Amino acid sequence: LAVHWIEAFERFDYVVVPSGSCAGMIRAHYPQLVATDPDLRSRMLDACERTWELTSFLVDVCGMHKPPGDYRGAMTYHDSCSGLRELGVRDQPRELLRAMPHLALHEMGDARACCGFGGTFAVKYGDVSAAIADEKIAQIAATGAPCVAMGDVGCMLHLEGRLRRLGDATTQVMHVAEVLVHEAGDA
């Protein structure tokens with residue numbers, strides 16, 4: 001997969017990834033997967049330098065300070081483990097969200113705490129994964145915000161699935177990209 005990725009994406013000036021765990025896998029782990037091939041490793045490292053998580057790209061590369069959307073209401077933000085720990089993505093999504101004049105960002109108790117997904121971890125240790133998600137959901141609820149945004153598709157699937165299984169049909173789960181382009185009046 002790493003070889004296929006480099007062949008598909010090395011020709012681009014930038015590769016922008018909408019999921020912190022995917023961007024983290026590429027930047028932090030793909031070079032190790034091709035470490036025995038010096039040429040391929042060099043190509044991979046070069047392409048990894050041009051690979052960005054979405055909000056980091058918008059803020060750190062493009063210099064975006066005001067997103068185009070007009071989300072109206074309160075929300076909280078969940079940091080994905082990989083985006084936060086492997087890529088240092090923490091302030092960028094908050095900077096963009098805080099720049100939206102009608103959005104009230106309510107920080108949860110520990111936005112940096114894991115949601116419990118972790119890929120196969122959620123399958124192998126379902127009860128532990130659900131318990132971790134329940135803690136995260138309690139933190140979301142404590143903010144009073146009707147919406148939680150995040151930048152990782154795995155976290156989104158896990159938390160929204162757990163919310164619905166617990167009977168919460170109202171807490172909205174959105175990808176930060178959806179929020180940044182959300183227009184007033186959108187459902």
# chains A, B, ... in the order shown; residues from 1 in each chain; ligands from 1
>>> select_by_dssp(residues="range 26-180 of chain A", states="helix (DSSP H, G or I)", output="VMD selection string")
chain A and resid 26 to 33 38 to 49 54 to 61 81 to 87 91 to 98 120 to 124 126 to 143 153 to 165 176 to 180
>>> residues_around(residues="Ala99 in chain A", least_positions_apart="5", cutoff="12 Å", atoms="only C-alpha atoms", output="ChimeraX atom specification")
/A:59,64-71,92-94,104-105,179-180
>>> write_last_selection(atoms="N, CA, C and O atoms", output="PDB file, in the first residue's frame")
ATOM      1  N   VAL A  59      -4.244  26.310   7.641  1.00  0.00           N
ATOM      2  CA  VAL A  59      -3.658  27.333   8.513  1.00  0.00           C
ATOM      3  C   VAL A  59      -2.165  27.497   8.257  1.00  0.00           C
ATOM      4  O   VAL A  59      -1.674  28.600   8.030  1.00  0.00           O
ATOM      5  N   MET A  64      -4.877  30.462   6.012  1.00  0.00           N
ATOM      6  CA  MET A  64      -6.294  30.798   6.170  1.00  0.00           C
ATOM      7  C   MET A  64      -6.550  31.261   7.600  1.00  0.00           C
ATOM      8  O   MET A  64      -6.122  30.640   8.551  1.00  0.00           O
ATOM      9  N   HIS A  65      -7.258  32.378   7.694  1.00  0.00           N
ATOM     10  CA  HIS A  65      -7.622  32.901   9.006  1.00  0.00           C
ATOM     11  C   HIS A  65      -9.124  33.032   9.167  1.00  0.00           C
ATOM     12  O   HIS A  65      -9.614  33.194  10.280  1.00  0.00           O
ATOM     13  N   LYS A  66      -9.844  32.972   8.054  1.00  0.00           N
ATOM     14  CA  LYS A  66     -11.305  33.099   8.095  1.00  0.00           C
ATOM     15  C   LYS A  66     -11.900  32.089   7.135  1.00  0.00           C
ATOM     16  O   LYS A  66     -11.790  32.223   5.928  1.00  0.00           O
ATOM     17  N   PRO A  67     -12.542  31.046   7.667  1.00  0.00           N
ATOM     18  CA  PRO A  67     -13.177  30.058   6.798  1.00  0.00           C
ATOM     19  C   PRO A  67     -14.373  30.655   6.062  1.00  0.00           C
ATOM     20  O   PRO A  67     -14.958  31.638   6.518  1.00  0.00           O
ATOM     21  N   PRO A  68     -14.762  30.052   4.954  1.00  0.00           N
ATOM     22  CA  PRO A  68     -15.854  30.602   4.156  1.00  0.00           C
ATOM     23  C   PRO A  68     -17.243  30.351   4.728  1.00  0.00           C
ATOM     24  O   PRO A  68     -18.195  31.037   4.354  1.00  0.00           O
ATOM     25  N   GLY A  69     -17.392  29.404   5.630  1.00  0.00           N
ATOM     26  CA  GLY A  69     -18.715  29.025   6.120  1.00  0.00           C
ATOM     27  C   GLY A  69     -19.268  29.977   7.160  1.00  0.00           C
ATOM     28  O   GLY A  69     -18.617  30.916   7.611  1.00  0.00           O
ATOM     29  N   ASP A  70     -20.519  29.720   7.532  1.00  0.00           N
ATOM     30  CA  ASP A  70     -21.207  30.530   8.526  1.00  0.00           C
ATOM     31  C   ASP A  70     -22.028  29.622   9.438  1.00  0.00           C
ATOM     32  O   ASP A  70     -23.247  29.730   9.513  1.00  0.00           O
ATOM     33  N   TYR A  71     -21.338  28.706  10.110  1.00  0.00           N
ATOM     34  CA  TYR A  71     -22.022  27.828  11.051  1.00  0.00           C
ATOM     35  C   TYR A  71     -22.537  28.680  12.195  1.00  0.00           C
ATOM     36  O   TYR A  71     -21.820  29.519  12.729  1.00  0.00           O
ATOM     37  N   GLN A  92      -4.758  24.404  15.067  1.00  0.00           N
ATOM     38  CA  GLN A  92      -5.241  24.781  13.744  1.00  0.00           C
ATOM     39  C   GLN A  92      -6.766  24.682  13.602  1.00  0.00           C
ATOM     40  O   GLN A  92      -7.394  25.645  13.139  1.00  0.00           O
ATOM     41  N   PRO A  93      -7.390  23.551  13.970  1.00  0.00           N
ATOM     42  CA  PRO A  93      -8.845  23.507  13.818  1.00  0.00           C
ATOM     43  C   PRO A  93      -9.544  24.522  14.726  1.00  0.00           C
ATOM     44  O   PRO A  93     -10.533  25.148  14.320  1.00  0.00           O
ATOM     45  N   ARG A  94      -9.025  24.722  15.909  1.00  0.00           N
ATOM     46  CA  ARG A  94      -9.627  25.683  16.835  1.00  0.00           C
ATOM     47  C   ARG A  94      -9.501  27.109  16.308  1.00  0.00           C
ATOM     48  O   ARG A  94     -10.413  27.918  16.458  1.00  0.00           O
ATOM     49  N   ALA A 104     -19.921  29.234  18.592  1.00  0.00           N
ATOM     50  CA  ALA A 104     -19.426  29.288  19.970  1.00  0.00           C
ATOM     51  C   ALA A 104     -18.738  27.954  20.263  1.00  0.00           C
ATOM     52  O   ALA A 104     -19.386  26.913  20.280  1.00  0.00           O
ATOM     53  N   LEU A 105     -17.430  27.996  20.463  1.00  0.00           N
ATOM     54  CA  LEU A 105     -16.657  26.790  20.718  1.00  0.00           C
ATOM     55  C   LEU A 105     -16.574  26.558  22.228  1.00  0.00           C
ATOM     56  O   LEU A 105     -16.051  27.383  22.965  1.00  0.00           O
ATOM     57  N   VAL A 179     -18.016  21.825   8.842  1.00  0.00           N
ATOM     58  CA  VAL A 179     -18.292  23.031   9.626  1.00  0.00           C
ATOM     59  C   VAL A 179     -17.716  24.258   8.919  1.00  0.00           C
ATOM     60  O   VAL A 179     -18.368  25.294   8.821  1.00  0.00           O
ATOM     61  N   LEU A 180     -16.504  24.122   8.402  1.00  0.00           N
ATOM     62  CA  LEU A 180     -15.827  25.273   7.788  1.00  0.00           C
ATOM     63  C   LEU A 180     -16.544  25.814   6.570  1.00  0.00           C
ATOM     64  O   LEU A 180     -16.377  26.988   6.226  1.00  0.00           O
TER      65      LEU A 180
END
>>> residues_around(residues="Phe12 in chain A", least_positions_apart="2", cutoff="10 Å", atoms="only C-alpha atoms", output="list in words")
Ala8, Phe9, Glu10, Tyr14, Val15, Ala47, Arg50 and Thr51 of chain A
>>> select_by_dssp(residues="chain A", states="strand (DSSP E or B)", output="VMD selection string")
chain A and resid 15 to 17 51 to 53 73 to 78 103 to 105 147 to 150 172 to 175
>>> residues_around(residues="Ser42 in chain A", least_positions_apart="4", cutoff="12 Å", atoms="only C-alpha atoms", output="JSON, numbers by chain")
{"A": [6, 10, 30, 31, 32, 34, 35, 36, 37, 38, 46, 47, 48, 49]}
>>> residues_around(residues="range 140-156 of chain A", least_positions_apart="3", cutoff="7 Å", atoms="only C-alpha atoms", output="list of chain:residue names")
A:Pro18, A:Ser19, A:Gly20, A:Ser21, A:Ala74, A:Met75, A:Thr76, A:Tyr77, A:His78, A:Asp79, A:Ser80, A:His106, A:Glu107, A:Met108, A:Cys115, A:Phe117, A:Lys136, A:Ile137, A:Leu159, A:Glu160, A:Thr171, A:Gln172, A:Val173, A:Met174, A:His175, A:Val176
>>> closest_residue(among="A:Leu96, A:Leu40, A:Leu45, A:Leu54", to="Ile26 in chain A", atoms="only C-alpha atoms")
A:Leu45
>>> closest_residue(among="A:Cys62, A:Val3, A:Val89, A:Leu157", to="Asp39 in chain A", atoms="only C-alpha atoms")
A:Val3
>>> atom_distance(atom1="CA of Ala133 in chain A", atom2="CA of Ala169 in chain A")
16.0 Å
